[in-house]
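**Q** My structure file input-v2.csv, CSV, C-alpha atoms and all ligand atoms, is below:
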```
chain,number,residue,atom,x,y,z
I,1,MET,CA,70.3,78.3,65.9
I,2,ASP,CA,70.5,77.4,62.2
I,3,ASP,CA,74.3,77.8,62.4
I,4,VAL,CA,74.4,75.4,65.4
I,5,VAL,CA,72.3,72.8,63.5
I,6,SER,CA,74.5,73.1,60.4
I,7,ARG,CA,77.7,72.8,62.4
I,8,ALA,CA,76.4,69.7,64.3
I,9,SER,CA,75.4,68.2,60.9
I,10,ALA,CA,78.8,68.9,59.5
I,11,LEU,CA,80.4,67.3,62.6
I,12,ARG,CA,78.3,64.1,62.0
I,13,VAL,CA,79.5,64.0,58.4
I,14,SER,CA,83.1,64.4,59.6
I,15,ALA,CA,82.6,61.5,62.0
I,16,GLN,CA,81.2,59.3,59.2
I,17,GLU,CA,84.2,60.2,57.0
I,18,ALA,CA,86.7,59.5,59.8
I,19,ALA,CA,85.1,56.1,60.5
I,20,SER,CA,86.7,54.7,57.4
I,21,CYS,CA,89.9,56.7,57.5
I,22,GLU,CA,93.1,54.8,56.5
I,23,ARG,CA,95.5,57.8,56.4
I,24,CYS,CA,97.9,56.0,58.7
I,25,ALA,CA,98.8,52.5,59.7
I,26,LEU,CA,96.8,52.7,62.9
I,27,ALA,CA,93.7,51.8,60.9
I,28,GLU,CA,95.0,48.2,60.8
I,29,GLY,CA,94.9,47.5,64.5
I,30,ARG,CA,91.8,49.4,65.6
I,31,THR,CA,88.5,48.0,66.8
I,32,GLN,CA,86.9,51.3,65.7
I,33,VAL,CA,87.6,55.0,65.2
I,34,VAL,CA,87.1,57.0,68.4
I,35,PHE,CA,86.0,60.3,66.8
I,36,GLY,CA,84.8,62.3,69.8
I,37,SER,CA,81.7,62.9,71.8
I,38,GLY,CA,79.7,65.6,73.6
I,39,ASP,CA,77.9,68.9,72.9
I,40,PRO,CA,78.6,69.9,69.3
I,41,ASP,CA,78.1,73.5,70.4
I,42,ALA,CA,80.3,73.3,73.6
I,43,ASP,CA,82.2,76.2,75.0
I,44,LEU,CA,84.8,73.9,76.3
I,45,PHE,CA,86.7,71.4,74.1
I,46,LEU,CA,89.0,68.9,75.8
I,47,VAL,CA,91.7,67.2,73.7
I,48,GLY,CA,93.4,64.0,75.0
I,49,GLU,CA,96.1,62.0,73.4
I,50,ALA,CA,94.9,58.7,71.8
I,51,PRO,CA,92.4,56.0,72.5
I,52,GLY,CA,93.5,53.3,74.9
I,53,PHE,CA,92.1,49.8,75.4
I,54,HIS,CA,88.8,50.8,76.8
I,55,GLU,CA,88.2,53.7,74.3
I,56,ASP,CA,89.0,51.4,71.4
I,57,ARG,CA,86.4,48.9,72.7
I,58,SER,CA,83.7,51.4,73.7
I,59,GLY,CA,84.1,54.0,70.9
I,60,ALA,CA,84.1,56.8,73.5
I,61,PRO,CA,87.0,59.1,74.3
I,62,LEU,CA,88.5,59.5,77.8
I,63,VAL,CA,86.8,56.6,79.7
I,64,GLY,CA,88.2,54.3,82.4
I,65,GLN,CA,89.9,55.6,85.5
I,66,ALA,CA,91.2,58.7,83.8
I,67,GLY,CA,87.8,59.4,82.5
I,68,GLU,CA,86.3,59.1,86.0
I,69,LEU,CA,88.8,61.6,87.2
I,70,LEU,CA,87.9,63.9,84.4
I,71,ASP,CA,84.3,63.6,85.3
I,72,ARG,CA,85.1,64.6,88.9
I,73,LEU,CA,87.1,67.5,87.7
I,74,LEU,CA,84.3,68.7,85.4
I,75,ALA,CA,81.8,68.3,88.2
I,76,SER,CA,84.0,70.5,90.4
I,77,ILE,CA,83.4,73.4,88.0
I,78,GLY,CA,79.7,72.6,87.6
I,79,LEU,CA,80.0,70.8,84.2
I,80,ALA,CA,79.2,67.3,83.0
I,81,ARG,CA,80.6,65.3,80.1
I,82,ALA,CA,77.5,66.2,78.1
I,83,ASP,CA,78.3,69.9,78.5
I,84,VAL,CA,81.7,69.7,76.8
I,85,TYR,CA,83.2,68.2,73.7
I,86,LEU,CA,85.9,65.5,74.1
I,87,ALA,CA,88.3,64.2,71.5
I,88,ASN,CA,91.8,62.9,71.1
I,89,VAL,CA,94.6,63.9,68.8
I,90,LEU,CA,94.6,60.4,67.4
I,91,LYS,CA,91.3,58.7,66.6
I,92,CYS,CA,92.7,55.2,66.5
I,93,ARG,CA,94.5,53.2,69.3
I,94,PRO,CA,98.3,52.8,69.0
I,95,LEU,CA,99.0,49.1,69.7
I,96,ARG,CA,100.0,48.4,73.3
I,97,SER,CA,99.1,52.1,73.9
I,98,ARG,CA,102.6,53.3,72.9
I,99,ASP,CA,103.2,57.0,72.3
I,100,PRO,CA,101.8,58.5,69.0
I,101,LEU,CA,104.4,58.8,66.2
I,102,PRO,CA,104.9,62.2,64.5
I,103,GLN,CA,103.6,60.8,61.2
I,104,GLU,CA,100.4,59.5,62.9
I,105,ILE,CA,99.9,62.9,64.6
I,106,ALA,CA,100.4,64.7,61.3
I,107,SER,CA,98.0,62.3,59.5
I,108,CYS,CA,95.2,62.6,62.1
I,109,ALA,CA,95.5,66.3,63.0
I,110,PRO,CA,93.1,67.5,60.2
I,111,HIS,CA,90.3,65.5,61.9
I,112,LEU,CA,90.8,67.3,65.2
I,113,LEU,CA,91.2,70.7,63.6
I,114,ARG,CA,88.0,70.2,61.7
I,115,GLN,CA,86.2,69.2,64.9
I,116,ILE,CA,87.5,72.4,66.7
I,117,GLU,CA,86.5,74.5,63.7
I,118,LEU,CA,82.9,73.1,63.7
I,119,VAL,CA,82.3,73.0,67.5
I,120,ARG,CA,83.8,76.6,67.7
I,121,PRO,CA,84.5,76.5,71.5
I,122,ARG,CA,85.7,79.4,73.6
I,123,VAL,CA,88.4,77.3,75.3
I,124,VAL,CA,90.4,74.3,74.0
I,125,ALA,CA,92.0,72.5,77.0
I,126,SER,CA,94.9,70.4,75.7
I,127,LEU,CA,95.5,67.4,78.1
I,128,GLY,CA,99.1,66.5,78.2
I,129,ASN,CA,102.1,66.9,76.0
I,130,VAL,CA,100.9,65.5,72.7
I,131,ALA,CA,97.8,67.7,72.4
I,132,THR,CA,99.6,70.7,73.8
I,133,LYS,CA,102.6,70.5,71.5
I,134,LEU,CA,100.3,70.0,68.4
I,135,LEU,CA,98.0,72.9,69.2
I,136,SER,CA,100.5,75.3,70.4
I,137,GLY,CA,103.0,74.6,67.6
I,138,ARG,CA,105.7,74.6,70.3
I,139,GLU,CA,107.9,71.9,71.8
I,140,LEU,CA,107.5,73.2,75.3
I,141,GLY,CA,106.6,70.4,77.7
I,142,ILE,CA,103.3,70.3,79.7
I,143,THR,CA,105.2,70.7,83.0
I,144,ARG,CA,106.3,74.2,81.9
I,145,VAL,CA,103.1,75.4,80.2
I,146,HIS,CA,100.2,73.9,82.1
I,147,GLY,CA,97.7,76.4,83.5
I,148,ARG,CA,99.0,79.1,81.1
I,149,ALA,CA,96.3,80.3,78.6
I,150,ARG,CA,97.3,81.6,75.2
I,151,GLU,CA,95.5,82.4,72.0
I,152,LEU,CA,94.8,79.8,69.3
I,153,VAL,CA,93.5,80.7,65.9
I,154,CYS,CA,91.6,77.8,64.3
I,155,GLY,CA,89.4,78.0,61.3
I,156,GLY,CA,89.7,81.8,61.4
I,157,GLU,CA,88.3,81.9,65.0
I,158,ARG,CA,90.3,83.2,68.0
I,159,LEU,CA,90.1,80.7,70.8
I,160,VAL,CA,91.8,80.2,74.2
I,161,LEU,CA,94.3,77.3,74.3
I,162,TYR,CA,94.6,76.1,77.9
I,163,PRO,CA,97.2,73.3,78.5
I,164,LEU,CA,96.5,71.0,81.4
I,165,TYR,CA,98.1,67.8,82.8
I,166,HIS,CA,96.4,64.7,81.3
I,167,PRO,CA,94.2,63.1,84.0
I,168,ALA,CA,95.8,59.7,83.3
I,169,ALA,CA,99.2,61.2,84.3
I,170,ALA,CA,97.7,62.8,87.4
I,171,LEU,CA,95.9,59.6,88.6
I,172,TYR,CA,98.9,58.3,90.6
I,173,THR,CA,100.8,61.5,91.3
I,174,PRO,CA,99.2,63.5,94.1
I,175,ALA,CA,101.2,66.7,93.5
I,176,MET,CA,100.3,66.7,89.8
I,177,LEU,CA,96.6,66.1,90.7
I,178,ARG,CA,96.6,69.1,93.0
I,179,GLU,CA,98.0,71.3,90.2
I,180,LEU,CA,95.4,69.9,87.7
I,181,GLU,CA,92.7,70.7,90.2
I,182,GLN,CA,94.0,74.2,90.6
I,183,ASP,CA,94.3,74.7,86.8
I,184,PHE,CA,90.8,73.3,86.3
I,185,ALA,CA,89.4,75.8,88.8
I,186,ARG,CA,90.4,78.6,86.4
I,187,ILE,CA,88.3,77.2,83.5
I,188,PRO,CA,85.1,79.0,84.5
I,189,THR,CA,87.0,82.3,84.4
I,190,LEU,CA,88.4,81.5,81.0
I,191,LEU,CA,85.0,80.5,79.6
I,192,GLY,CA,83.8,84.0,80.5
I,193,ALA,CA,86.9,85.8,79.3
I,194,GLU,CA,87.5,87.4,76.0
I,195,ALA,CA,91.2,87.0,75.9
I,196,PRO,CA,93.7,84.8,77.7
I,197,ASP,CA,95.7,87.7,79.3
I,198,ALA,CA,92.5,88.9,81.0
I,199,ALA,CA,91.7,85.5,82.4
I,200,ALA,CA,94.6,83.8,84.0
I,201,ALA,CA,94.6,84.3,87.7
I,202,PRO,CA,97.5,84.9,90.1
I,203,PRO,CA,99.8,83.5,91.2
I,204,ARG,CA,100.7,82.2,87.8
I,205,ALA,CA,101.2,85.0,85.3
I,206,PRO,CA,99.6,84.4,81.9
I,207,ALA,CA,101.8,83.7,78.9
I,208,ALA,CA,101.7,86.2,76.1
I,209,ALA,CA,98.9,85.7,73.7
I,210,GLU,CA,100.4,84.6,70.4
I,211,PRO,CA,98.3,83.4,67.4
I,212,VAL,CA,99.6,80.0,66.3
I,213,GLU,CA,97.8,79.9,62.9
I,214,ALA,CA,101.2,80.3,61.1
I,215,GLU,CA,102.7,77.4,62.9
I,216,LEU,CA,99.7,75.2,62.1
I,217,VAL,CA,99.9,76.2,58.5
I,218,GLN,CA,103.6,75.4,58.5
I,219,LEU,CA,102.7,71.9,59.7
I,220,GLY,CA,100.4,71.6,56.7
I,221,LEU,CA,97.4,70.9,58.8
I,222,PHE,CA,94.9,73.1,56.9
T,1,LIG,S1,94.7,57.5,63.6
T,1,LIG,FE1,93.7,59.1,62.5
T,1,LIG,S2,94.8,59.3,60.5
T,1,LIG,FE2,95.3,57.3,61.4
T,1,LIG,S3,93.8,55.9,60.5
T,1,LIG,FE3,93.0,56.6,62.5
T,1,LIG,S4,91.6,58.3,62.0
T,1,LIG,FE4,93.0,57.9,60.2
```
Just give me the structure as C-alpha cells.

**A**
Amino acid sequence: MDDVVSRASALRVSAQEAASCERCALAEGRTQVVFGSGDPDADLFLVGEAPGFHEDRSGAPLVGQAGELLDRLLASIGLARADVYLANVLKCRPLRSRDPLPQEIASCAPHLLRQIELVRPRVVASLGNVATKLLSGRELGITRVHGRARELVCGGERLVLYPLYHPAAALYTPAMLRELEQDFARIPTLLGAEAPDAAAAPPRAPAAAEPVEAELVQLGLF
C-alpha cells in the first residue's frame, strides 16, 4: 500500500514537472499539457498518440468521439476509464493535429516512460502506429502487429506490450473496428497472464516475446 501511495505521489510530481515542460517547440502552441489520467495503480495502461483539439482544451487524454468509442470498448471487458491509466506519446497538441515529428517523440518519450514505470501496469496497450513503434522499438506498422502481445521491459519491470488500432482510426472503418473489438476481447486474458506467449488466443499466434529495453536504451530514452 505504501508503495502505491509513493508511486501515486511521484506521478503527481511528474505531472507538475511536465506542466511547464519546454523540451520541444510544441510548448508554444498548447493550451495546456495533457499529462494523463486514471488509476495510478492500474493494471492496464493505454497509450495514444497526441492530444487533439478537445484534449488540448479539456486537459484529458482520449476524449471526443474516439474517447467515447474507447469507453465502449473498455465497458465491453468490464472496465471503466477510472480503472485504467490513459496517456499519449506526446503531451502537447501538434498544431492542426499533424503527425508527431521524430524529434518531438524523442523529446517527450521520457515523460511516458516515467509514467509507465510509476504506474507499473501488467499490460501496456499501444494505440496506433506512433505509440507502438516507440514502445516496441520497431518500425513494423500497426496493421501487421495489432493483437500480438510481446514483452516490454520498462523501469526494470517486465510488462506485456499489446498493440491495438487507435480508436480514432477505427471510428469510420467497420472492418478495423471489428478487429479492434476482437483484440480488445483478449485483454482480460492478458491481464491475468504472466507472459505474452501464454496469453494470446487463437487464431492469431503470439509473436515471440523479446525484451525491448536495449532498443529503448539505444533511443536514449532512459
Ligand atoms: S510535447 Fe512533450 S516534450 Fe514537447 S513541450 Fe510538450 S511535454 Fe514537453

**Q** Determine the nearest neighbour of I:Leu69 from the options I:Ala19, I:Ala27, I:Arg81, I:Arg120, counting only C-alpha atoms.

**A**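 Of all the options, I:Arg81 lies closest to I:Leu69.
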
**Q** Using all atoms listed in the file, which of I:Asp56, I:Glu104, I:Asp183, I:Asp41 sits nearest ligand LIG 1 (chain T)?

**A**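 That would be I:Glu104, the residue with the smallest distance to ligand LIG 1 (chain T).
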
**Q** Give the answer as one residue: which of I:Met176, I:Leu74, I:Ala131, I:Ala185 has the shortest atom-to-atom distance to I:Ala50, using all atoms listed in the file?

**A**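 Smallest separation from I:Ala50 among the options: I:Ala131.
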
**Q** Taking only C-alpha atoms and all ligand atoms into account, list the residues no farther than 9 Å from ligand LIG 1 (chain T), as a count of residues only.

**A** 33

**Q** Kindly indicate which residue among I:Ile142, I:Leu11, I:Leu161, I:Leu180 lies nearest to I:Leu70, using only C-alpha atoms for the distances.

**A**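 For I:Leu70, the nearest of the given residues is I:Leu180.
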
**Q** Can you measure atom CA of I:Arg98 to atom CA of I:Glu49 for me? One decimal in Å is fine.

**A**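 Separating atom CA of I:Arg98 from atom CA of I:Glu49 is a distance of 10.9 Å.
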
**Q** Around all the atoms of stretch 32-36 of chain I listed in the file, with 4 Å of room on each side, what axis-aligned box do you get, giving centre and edge lengths in Å to one decimal, as AutoDock Vina command-line options?

**A**
```
--center_x 86.2 --center_y 56.8 --center_z 67.5 --size_x 10.8 --size_y 19.0 --size_z 12.6
```

**Q** Using all atoms listed in the file, which protein or nucleic acid residues come within 12 Å of I:Ser37? Drop anything in the same chain fewer than 5 positions from it, and give the result as a ChimeraX atom specification.

**A** /I:8,11-12,15,42,45-47,55,58-63,81-88,91,115,119
